[in-house]
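Shown next: my_file-v7.cif, containing mmCIF, C-alpha atoms.
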data_model
#
loop_
_atom_site.label_atom_id
_atom_site.label_comp_id
_atom_site.auth_asym_id
_atom_site.auth_seq_id
_atom_site.Cartn_x
_atom_site.Cartn_y
_atom_site.Cartn_z
CA MET A 1 6.99 3.94 35.97
CA LYS A 2 10.57 4.57 34.88
CA LYS A 3 12.06 2.48 37.68
CA LYS A 4 9.64 -0.32 36.89
CA PHE A 5 10.45 -0.21 33.18
CA LEU A 6 14.24 -0.20 33.33
CA PRO A 7 14.51 -3.59 35.08
CA ILE A 8 12.22 -5.05 32.42
CA VAL A 9 14.47 -3.74 29.63
CA ILE A 10 17.57 -5.07 31.38
CA ILE A 11 16.03 -8.46 32.13
CA ILE A 12 14.59 -8.96 28.66
CA LEU A 13 17.56 -7.64 26.69
CA MET A 14 20.37 -8.77 28.96
CA GLY A 15 19.10 -11.64 31.07
CA TYR A 16 20.20 -14.35 28.66
CA SER A 17 23.79 -15.27 27.88
CA SER A 18 22.90 -14.65 24.24
CA VAL A 19 19.78 -12.52 24.11
CA LYS A 20 17.99 -11.91 20.82
CA ALA A 21 15.84 -8.90 19.86
CA GLN A 22 14.76 -6.95 16.78
CA PHE A 23 17.35 -4.41 15.58
CA ASP A 24 15.86 -2.62 12.54
CA THR A 25 13.25 -0.02 13.41
CA GLN A 26 9.58 -0.40 12.55
CA LEU A 27 8.09 2.15 10.11
CA SER A 28 4.47 2.86 9.21
CA ASN A 29 5.24 5.18 6.25
CA TYR A 30 7.61 2.56 4.82
CA TRP A 31 6.52 3.39 1.26
CA ALA A 32 7.98 6.90 1.74
CA THR A 33 11.41 5.68 2.89
CA ILE A 34 12.08 2.59 0.79
CA GLY A 35 15.73 3.65 0.66
CA TYR A 36 16.00 2.94 4.39
CA PHE A 37 15.77 -0.81 3.84
CA ASN A 38 16.59 -1.18 0.12
CA PRO A 39 19.62 0.62 -1.37
CA ALA A 40 18.51 -0.25 -4.93
CA TYR A 41 15.87 2.49 -4.61
CA ALA A 42 18.56 5.20 -4.84
CA GLY A 43 17.80 7.46 -7.81
CA GLN A 44 14.64 5.54 -8.69
CA SER A 45 12.25 8.49 -8.78
CA GLY A 46 14.47 10.52 -11.13
CA ASN A 47 14.44 13.37 -8.62
CA LEU A 48 16.78 14.75 -6.02
CA GLU A 49 15.06 13.63 -2.80
CA ALA A 50 15.77 14.30 0.86
CA THR A 51 13.51 12.79 3.52
CA LEU A 52 13.50 13.32 7.28
CA MET A 53 11.46 10.87 9.35
CA SER A 54 10.85 10.79 13.10
CA ARG A 55 9.04 8.06 15.03
CA ILE A 56 7.91 8.00 18.66
CA GLN A 57 6.77 4.51 19.55
CA TRP A 58 4.58 3.20 22.37
CA LEU A 59 3.28 6.39 23.98
CA GLY A 60 2.95 5.93 27.73
CA VAL A 61 5.90 3.55 28.05
CA ALA A 62 9.01 5.08 29.59
CA ASP A 63 12.21 4.81 27.54
CA ALA A 64 10.31 3.35 24.58
CA PRO A 65 11.88 3.49 21.07
CA ARG A 66 12.64 6.90 19.53
CA THR A 67 13.90 6.87 15.93
CA THR A 68 15.20 9.52 13.53
CA ILE A 69 16.08 8.75 9.90
CA LEU A 70 17.51 11.09 7.25
CA THR A 71 17.80 9.81 3.69
CA ALA A 72 18.87 11.51 0.46
CA ASN A 73 19.20 10.09 -3.05
CA MET A 74 19.50 11.23 -6.64
CA PRO A 75 20.22 9.87 -10.12
CA ARG A 76 23.31 10.91 -11.99
CA GLN A 77 24.35 10.33 -15.58
CA LEU A 78 27.85 8.86 -16.01
CA LEU A 79 29.36 7.43 -19.21
CA GLY A 80 26.03 7.65 -20.97
CA LYS A 81 24.14 5.68 -18.29
CA ILE A 82 22.05 6.71 -15.30
CA HIS A 83 23.21 5.56 -11.86
CA GLY A 84 21.71 6.10 -8.42
CA PHE A 85 23.49 7.53 -5.39
CA GLY A 86 22.22 7.94 -1.86
CA ALA A 87 23.08 8.57 1.77
CA LEU A 88 21.42 7.49 5.01
CA ILE A 89 21.81 8.60 8.63
CA TYR A 90 20.00 6.64 11.31
CA ASN A 91 19.60 7.04 15.08
CA ASP A 92 17.54 4.81 17.33
CA ARG A 93 17.12 4.77 21.12
CA ILE A 94 15.32 2.22 23.26
CA GLY A 95 15.76 1.95 27.00
CA LEU A 96 19.47 2.12 27.79
CA PHE A 97 20.49 1.12 24.26
CA SER A 98 21.20 3.49 21.36
CA ALA A 99 22.41 2.94 17.81
CA THR A 100 23.74 5.42 15.23
CA ALA A 101 24.67 4.58 11.64
CA TYR A 102 26.00 6.39 8.56
CA TYR A 103 25.64 4.78 5.11
CA GLY A 104 26.41 5.50 1.49
CA GLN A 105 24.41 3.91 -1.36
CA TYR A 106 25.00 3.09 -5.01
CA ALA A 107 22.47 1.64 -7.49
CA TRP A 108 23.28 0.27 -10.97
CA LYS A 109 20.31 0.73 -13.30
CA LYS A 110 19.11 -0.83 -16.54
CA LYS A 111 15.99 -0.76 -18.72
CA LEU A 112 14.37 -4.20 -18.63
CA PHE A 113 11.03 -5.44 -20.06
CA LYS A 114 9.66 -1.90 -20.43
CA GLY A 115 10.56 -1.14 -16.82
CA ASP A 116 13.46 0.06 -14.70
CA PHE A 117 15.64 -2.50 -12.92
CA SER A 118 18.33 -1.68 -10.38
CA ILE A 119 20.80 -3.43 -8.09
CA GLY A 120 21.91 -1.49 -5.03
CA LEU A 121 24.72 -1.76 -2.51
CA GLN A 122 24.94 0.03 0.80
CA GLY A 123 27.97 0.33 3.05
CA GLY A 124 28.65 2.23 6.21
CA TYR A 125 29.57 2.51 9.83
CA ILE A 126 27.37 1.62 12.79
CA THR A 127 27.82 2.33 16.51
CA GLN A 128 25.96 0.57 19.33
CA SER A 129 26.07 1.76 22.95
CA PHE A 130 24.60 0.93 26.35
CA ASP A 131 24.34 3.46 29.21
CA GLY A 132 25.09 1.37 32.28
CA THR A 133 25.17 4.48 34.50
CA ARG A 134 21.35 4.53 34.39
CA VAL A 135 20.90 0.92 35.45
CA TYR A 136 18.42 0.45 38.29
CA ILE A 137 18.70 -2.90 40.09
CA PRO A 138 15.85 -3.65 42.52
CA GLU A 139 16.54 -5.73 45.59
CA ASN A 140 15.02 -9.02 44.47
CA ASN A 141 17.31 -12.04 44.37
CA ASP A 142 14.68 -14.26 42.75
CA TYR A 143 15.47 -12.85 39.31
CA HIS A 144 18.99 -11.46 39.37
CA SER A 145 22.05 -10.64 41.41
CA ALA A 146 22.81 -7.07 42.39
CA ILE A 147 26.45 -7.68 41.48
CA ASP A 148 25.85 -9.64 38.27
CA GLU A 149 28.78 -8.94 35.94
CA ALA A 150 26.41 -9.42 32.98
CA ILE A 151 25.01 -5.94 33.62
CA PRO A 152 27.45 -3.08 32.89
CA THR A 153 27.54 -0.27 35.43
CA SER A 154 29.27 2.17 33.08
CA ALA A 155 28.63 3.42 29.55
CA VAL A 156 29.93 0.91 26.98
CA SER A 157 29.96 1.21 23.19
CA GLY A 158 31.38 -0.35 20.06
CA SER A 159 31.28 0.05 16.30
CA GLY A 160 31.60 -1.94 13.10
CA ILE A 161 31.24 -2.01 9.31
CA ASP A 162 27.80 -2.81 7.89
CA LEU A 163 26.68 -3.75 4.35
CA SER A 164 23.27 -4.19 2.67
CA LEU A 165 22.20 -5.40 -0.78
CA GLY A 166 18.97 -5.00 -2.74
CA VAL A 167 17.20 -5.25 -6.10
CA PHE A 168 14.30 -3.09 -7.29
CA TYR A 169 12.05 -3.18 -10.36
CA GLN A 170 9.45 -0.60 -11.39
CA ARG A 171 6.98 -0.23 -14.22
CA GLU A 172 4.30 2.36 -14.85
CA LYS A 173 1.72 1.06 -12.36
CA TRP A 174 3.63 -1.25 -10.02
CA PHE A 175 6.96 -1.86 -8.29
CA ALA A 176 8.66 -4.60 -6.28
CA GLY A 177 11.91 -4.93 -4.38
CA LEU A 178 13.94 -7.47 -2.40
CA SER A 179 16.74 -6.62 0.00
CA VAL A 180 18.88 -7.96 2.81
CA ASN A 181 20.23 -5.65 5.51
CA HIS A 182 23.31 -6.29 7.67
CA LEU A 183 24.69 -8.65 5.06
CA LEU A 184 27.83 -9.45 7.06
CA ALA A 185 25.91 -9.91 10.34
CA PRO A 186 28.44 -7.65 12.12
CA ARG A 187 29.56 -8.36 15.69
CA ILE A 188 30.11 -5.16 17.67
CA LYS A 189 32.35 -5.54 20.72
CA SER A 190 31.65 -3.02 23.47
CA ASP A 191 34.61 -4.32 25.46
CA GLU A 192 36.04 -7.71 26.41
CA ASN A 193 32.82 -8.84 28.08
CA TYR A 194 30.00 -7.57 25.84
CA VAL A 195 29.33 -8.33 22.18
CA PHE A 196 26.27 -7.10 20.25
CA GLU A 197 25.44 -9.16 17.16
CA ILE A 198 23.35 -7.64 14.35
CA PRO A 199 21.91 -10.45 12.22
CA ARG A 200 20.54 -10.20 8.69
CA SER A 201 17.07 -8.80 8.00
CA PHE A 202 15.17 -9.59 4.80
CA TYR A 203 12.59 -7.31 3.14
CA PHE A 204 10.10 -7.55 0.29
CA VAL A 205 8.23 -4.41 -0.74
CA GLY A 206 5.68 -4.07 -3.52
CA GLY A 207 2.97 -1.71 -4.68
CA TYR A 208 0.32 -1.22 -7.35
CA ASN A 209 -1.41 2.01 -8.45
CA ILE A 210 -5.10 1.53 -9.29
CA PRO A 211 -6.73 4.27 -11.41
CA LEU A 212 -10.33 5.09 -10.50
CA ASN A 213 -13.24 6.38 -12.57
CA ASN A 214 -12.69 9.86 -11.21
CA PRO A 215 -9.49 11.16 -12.89
CA LEU A 216 -8.67 13.18 -9.77
CA LEU A 217 -8.50 10.07 -7.59
CA GLU A 218 -5.94 7.29 -7.49
CA LEU A 219 -5.70 4.26 -5.23
CA GLN A 220 -2.20 3.19 -4.19
CA SER A 221 -1.80 -0.17 -2.49
CA SER A 222 1.47 -1.44 -1.02
CA LEU A 223 2.85 -4.36 0.92
CA LEU A 224 5.91 -4.82 3.13
CA LEU A 225 7.05 -8.26 4.28
CA LYS A 226 9.99 -8.43 6.66
CA THR A 227 11.78 -11.33 8.25
CA MET A 228 14.04 -10.09 10.98
CA GLN A 229 16.46 -12.52 12.54
CA MET A 230 16.98 -11.62 16.15
CA SER A 231 19.91 -9.47 17.25
CA SER A 232 22.01 -10.96 20.03
CA TYR A 233 23.74 -9.41 23.02
CA SER A 234 26.32 -11.88 24.34
CA LEU A 235 27.31 -11.66 27.99
CA ASN A 236 29.63 -13.48 30.35
CA SER A 237 26.86 -14.50 32.75
CA ASP A 238 24.04 -17.02 32.71
CA SER A 239 22.67 -16.32 36.18
CA LEU A 240 19.33 -15.21 34.73
CA THR A 241 18.96 -17.85 32.04
CA GLU A 242 16.44 -20.01 33.87
CA LYS A 243 14.68 -17.20 35.71
CA ILE A 244 12.58 -15.71 32.89
CA LYS A 245 9.71 -17.70 31.46
CA GLY A 246 9.55 -18.02 27.69
CA ASN A 247 5.98 -16.73 27.49
CA SER A 248 7.07 -13.31 28.69
CA LEU A 249 9.37 -12.99 25.66
CA LYS A 250 7.01 -14.31 23.01
CA ALA A 251 5.96 -10.87 21.76
CA MET A 252 9.53 -9.53 21.85
CA LEU A 253 10.92 -12.41 19.82
CA GLN A 254 8.44 -12.23 16.95
CA ASN A 255 10.67 -12.15 13.88
CA SER A 256 8.29 -11.76 10.93
CA GLN A 257 5.82 -9.03 10.09
CA ALA A 258 3.49 -7.98 7.27
CA ASP A 259 2.22 -4.45 6.54
CA ILE A 260 -0.66 -3.99 4.07
CA SER A 261 -1.49 -0.39 3.14
CA VAL A 262 -4.02 1.43 0.96
CA ARG A 263 -3.95 5.18 0.26
CA VAL A 264 -6.38 7.34 -1.72
CA ILE A 265 -4.68 10.27 -3.48
CA TYR A 266 -6.63 13.33 -4.58
CA ASP A 267 -5.31 15.42 -7.46
CA LYS A 268 -1.79 14.12 -6.76
CA LYS A 269 -1.66 16.55 -3.81
CA PHE A 270 -3.53 15.17 -0.79
CA TRP A 271 -3.85 11.64 0.48
CA GLY A 272 -5.16 9.52 3.32
CA GLY A 273 -5.24 5.84 4.01
CA LEU A 274 -5.11 2.88 6.34
CA SER A 275 -2.53 0.20 7.01
CA LEU A 276 -2.69 -3.08 8.88
CA ARG A 277 0.37 -4.46 10.60
CA TYR A 278 -0.76 -7.99 11.32
CA GLY A 279 -0.94 -8.73 15.03
CA ASP A 280 0.46 -5.33 15.99
CA ALA A 281 -1.41 -2.20 14.91
CA ILE A 282 -3.92 -0.46 12.65
CA VAL A 283 -2.38 2.67 11.15
CA LEU A 284 -4.07 5.90 10.06
CA MET A 285 -2.11 7.87 7.43
CA LEU A 286 -2.59 11.45 6.24
CA GLY A 287 -0.47 13.73 4.08
CA GLY A 288 -0.14 16.25 1.34
CA LYS A 289 2.21 17.84 -1.17
CA PHE A 290 2.81 21.48 -1.99
CA LYS A 291 5.19 22.12 -4.88
CA MET A 292 8.48 20.46 -3.90
CA ILE A 293 7.57 19.69 -0.26
CA GLU A 294 5.64 16.60 0.86
CA ALA A 295 4.71 15.74 4.43
CA GLY A 296 2.97 12.74 5.96
CA TYR A 297 1.76 11.61 9.36
CA ALA A 298 0.88 8.17 10.71
CA TYR A 299 -0.70 7.12 13.98
CA ASP A 300 -0.53 3.49 15.09
CA PHE A 301 -3.49 2.16 17.07
CA PRO A 302 -2.12 -0.90 18.91
CA ILE A 303 -4.04 -4.19 18.68
CA SER A 304 -1.43 -6.31 20.47
CA ARG A 305 -0.98 -6.75 24.22
CA ILE A 306 1.01 -3.49 24.34
CA ILE A 307 -2.37 -1.72 24.33
CA LYS A 308 -2.51 -2.32 28.09
CA THR A 309 0.35 0.15 28.61
CA SER A 310 0.52 2.26 25.42
CA THR A 311 -1.97 4.43 23.57
CA GLY A 312 -0.14 4.16 20.25
CA SER A 313 2.75 5.54 18.20
CA HIS A 314 3.41 8.76 16.22
CA GLU A 315 5.36 8.98 12.97
CA LEU A 316 6.06 12.04 10.82
CA PHE A 317 8.07 12.57 7.63
CA VAL A 318 8.94 15.60 5.51
CA ARG A 319 10.40 15.22 2.01
CA TYR A 320 11.95 17.68 -0.42
CA SER A 321 11.93 16.63 -4.08
CA MET A 322 13.36 18.38 -7.14
CA ASP A 323 13.10 17.14 -10.73
CA LEU A 324 16.55 16.79 -12.31
CA ASN A 325 15.28 16.19 -15.89
CA LEU A 326 18.03 13.68 -16.64
CA LYS A 327 16.01 12.05 -19.38
CA LYS A 328 15.98 15.20 -21.46
CA LYS A 329 18.67 15.58 -24.05
CA GLY A 330 21.29 18.27 -23.74
CA LYS A 331 22.04 20.55 -20.86
CA TYR A 332 19.45 22.03 -18.56
CA LYS A 333 17.54 24.79 -20.30
CA HIS A 334 16.55 27.96 -18.48
CA LYS A 335 14.05 30.52 -19.65
CA SER A 336 15.26 34.05 -20.21
CA ILE A 337 14.29 36.37 -17.42
CA ARG A 338 12.88 38.70 -20.10
CA ILE A 339 10.05 36.30 -20.94
CA LEU A 340 9.32 34.85 -17.48
#

How would this structure read if it were set down as structure tokens?
Amino acid sequence: MKKKFLPIVIIILMGYSSVKAQFDTQLSNYWATIGYFNPAYAGQSGNLEATLMSRIQWLGVADAPRTTILTANMPRQLLGKIHGFGALIYNDRIGLFSATAYYGQYAWKKKLFKGDFSIGLQGGYITQSFDGTRVYIPENNDYHSAIDEAIPTSAVSGSGIDLSLGVFYQREKWFAGLSVNHLLAPRIKSDENYVFEIPRSFYFVGGYNIPLNNPLLELQSSLLLKTMQMSSYSLNSDSLTEKIKGNSLKAMLQNSQADISVRVIYDKKFWGGLSLRYGDAIVLMLGGKFKMIEAGYAYDFPISRIIKTSTGSHELFVRYSMDLNLKKKGKYKHKSIRIL
């Protein structure tokens, strides 16, 4: 299976002189890691938050995507105003490609129309690499040349500066945000022959909390719309350009997606729900919260053609949250140990 899969990855991702593919990772618990795609969320909850998320995509497919994301954010009061600060570490592997990024975030905040409005900026450093030492080239001249210079035979990597921008607005029962990632569309040169282009990705996220007749139950609905321009890997060879039929790339080149989610929360502690990613998967979500720790799990049931080779995807997150009480006047107050 592995030897069959690697040529597919190489052909699809590298067979064109300027190949395009999705760069940003796909998340099912997107509502739990809004800071991953919108820096304006930094400090929005009023708590010190740290979230670790891991995703294993397309079970049954060798060298399928594996993603790890660590985010942290908090509000801080400076010069009489509350600002948001955050950090993000990201690692993603698919086939012979891997990407690692480190970001810092800042969000300017203001009260607006009885809600909280913020503008966020994210900047950081991103590294993209390709492990050419693992390339497997079958003996079939109908699709490629065994000595094609477009395919590296050694490990190549490059790095660049990356920026993102977002806005976020939240009121008591609803929220909405717009953001653009990879604002500068950075071009990462692995060496003189290989250039990886990361184009802009656009996100809209929104949600509404619906109170139910039972005071212990709450219905939380959310929506994520994403338009992902395709990332491009430029090579000095066009020997494969006319060899791959466009229909085989149709699913890979899909650049827009919509996630619609509904979760039922019991007593603000336990929750479960469903999400639909149009044309891709139905997602089951479960989770709970105990004091300052929250954990959630999602399983993607594929409904696209990938179901022929994959049984689904796993995603897990764990979050630590601590109330900073910034809205209270004066310094933090602690009870005397004599009256605890």

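Atom to atom, CA of Ser154 in chain A and CA of Ser129 in chain A stand 10.6 Å apart.
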
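Nearest residue to Tyr203 in chain A, choosing from A:Thr25, A:Thr227, A:Ser190, A:Thr68 and counting all atoms listed in the file: A:Thr227.
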
TODO: Would you translate the PyMOL selection byres ((chain A and resi 83) around 12) into the concrete set of residues it matches in this file, as a ChimeraX atom specification?
DONE: /A:40-46,73-82,84-86,105-111,116-121,326

Output of the above residues as a JSON list (two decimals), in the coordinates of the input, restricted to C-alpha atoms:
[["chain", "number", "residue", "atom", "x", "y", "z"],
["A", 40, "ALA", "CA", 18.51, -0.25, -4.93],
["A", 41, "TYR", "CA", 15.87, 2.49, -4.61],
["A", 42, "ALA", "CA", 18.56, 5.20, -4.84],
["A", 43, "GLY", "CA", 17.80, 7.46, -7.81],
["A", 44, "GLN", "CA", 14.64, 5.54, -8.69],
["A", 45, "SER", "CA", 12.25, 8.49, -8.78],
["A", 46, "GLY", "CA", 14.47, 10.52, -11.13],
["A", 73, "ASN", "CA", 19.20, 10.09, -3.05],
["A", 74, "MET", "CA", 19.50, 11.23, -6.64],
["A", 75, "PRO", "CA", 20.22, 9.87, -10.12],
["A", 76, "ARG", "CA", 23.31, 10.91, -11.99],
["A", 77, "GLN", "CA", 24.35, 10.33, -15.58],
["A", 78, "LEU", "CA", 27.85, 8.86, -16.01],
["A", 79, "LEU", "CA", 29.36, 7.43, -19.21],
["A", 80, "GLY", "CA", 26.03, 7.65, -20.97],
["A", 81, "LYS", "CA", 24.14, 5.68, -18.29],
["A", 82, "ILE", "CA", 22.05, 6.71, -15.30],
["A", 84, "GLY", "CA", 21.71, 6.10, -8.42],
["A", 85, "PHE", "CA", 23.49, 7.53, -5.39],
["A", 86, "GLY", "CA", 22.22, 7.94, -1.86],
["A", 105, "GLN", "CA", 24.41, 3.91, -1.36],
["A", 106, "TYR", "CA", 25.00, 3.09, -5.01],
["A", 107, "ALA", "CA", 22.47, 1.64, -7.49],
["A", 108, "TRP", "CA", 23.28, 0.27, -10.97],
["A", 109, "LYS", "CA", 20.31, 0.73, -13.30],
["A", 110, "LYS", "CA", 19.11, -0.83, -16.54],
["A", 111, "LYS", "CA", 15.99, -0.76, -18.72],
["A", 116, "ASP", "CA", 13.46, 0.06, -14.70],
["A", 117, "PHE", "CA", 15.64, -2.50, -12.92],
["A", 118, "SER", "CA", 18.33, -1.68, -10.38],
["A", 119, "ILE", "CA", 20.80, -3.43, -8.09],
["A", 120, "GLY", "CA", 21.91, -1.49, -5.03],
["A", 121, "LEU", "CA", 24.72, -1.76, -2.51],
["A", 326, "LEU", "CA", 18.03, 13.68, -16.64]]

Task: Residue contacts of Ser261 in chain A (9 Å, all atoms listed in the file) excluding same-chain residues fewer than 5 positions away, as JSON, numbers by chain - done: {"A": [220, 221, 222, 223, 224, 273, 274, 275, 276, 277, 283]}

TODO: Convert the output of the PyMOL selection byres ((chain A and resi 163) around 6) on the shown file into explicit residues, formatted as a list of chain:residue names.
DONE: A:Gln122, A:Gly123, A:Asp162, A:Ser164, A:His182, A:Leu183

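Restricting the calculation to all atoms listed in the file, the smallest distance between Ile307 in chain A and any of A:Gly287, A:Gly279, A:Gly206, A:Pro199 is found for A:Gly279.
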
Task: Residues matched by the PyMOL selection byres ((chain A and resi 103) around 8) as JSON, numbers by chain - done: {"A": [87, 88, 89, 101, 102, 104, 105, 122, 123, 124, 125]}

TODO: Kindly give the distance, in Å, that separates CA of Leu286 in chain A and CA of Leu212 in chain A, rounded to a single decimal.
DONE: 19.5 Å

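Counting from CA of Gly35 in chain A, the distance to CA of Ile306 in chain A is 28.8 Å.
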
Please build the interface table for range 241-311 of chain A against range 53-63 of chain A with a cut-off of 7 Å, listing for each qualifying residue the nearest atom pair and the distance in Å to one decimal; count all atoms listed in the file, order rows by chain and increasing number, and write it as JSON lines.
{"residue": "A:Thr309", "atom": "CA", "partner": "A:Gly60", "partner_atom": "CA", "distance": 6.4}
{"residue": "A:Ser310", "atom": "CA", "partner": "A:Gly60", "partner_atom": "CA", "distance": 5.0}
{"residue": "A:Thr311", "atom": "CA", "partner": "A:Leu59", "partner_atom": "CA", "distance": 5.6}

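Proximity of A:Tyr208, A:Pro215, A:Met292, A:Pro39 to Val167 in chain A, computed with all atoms listed in the file, is greatest for A:Pro39.
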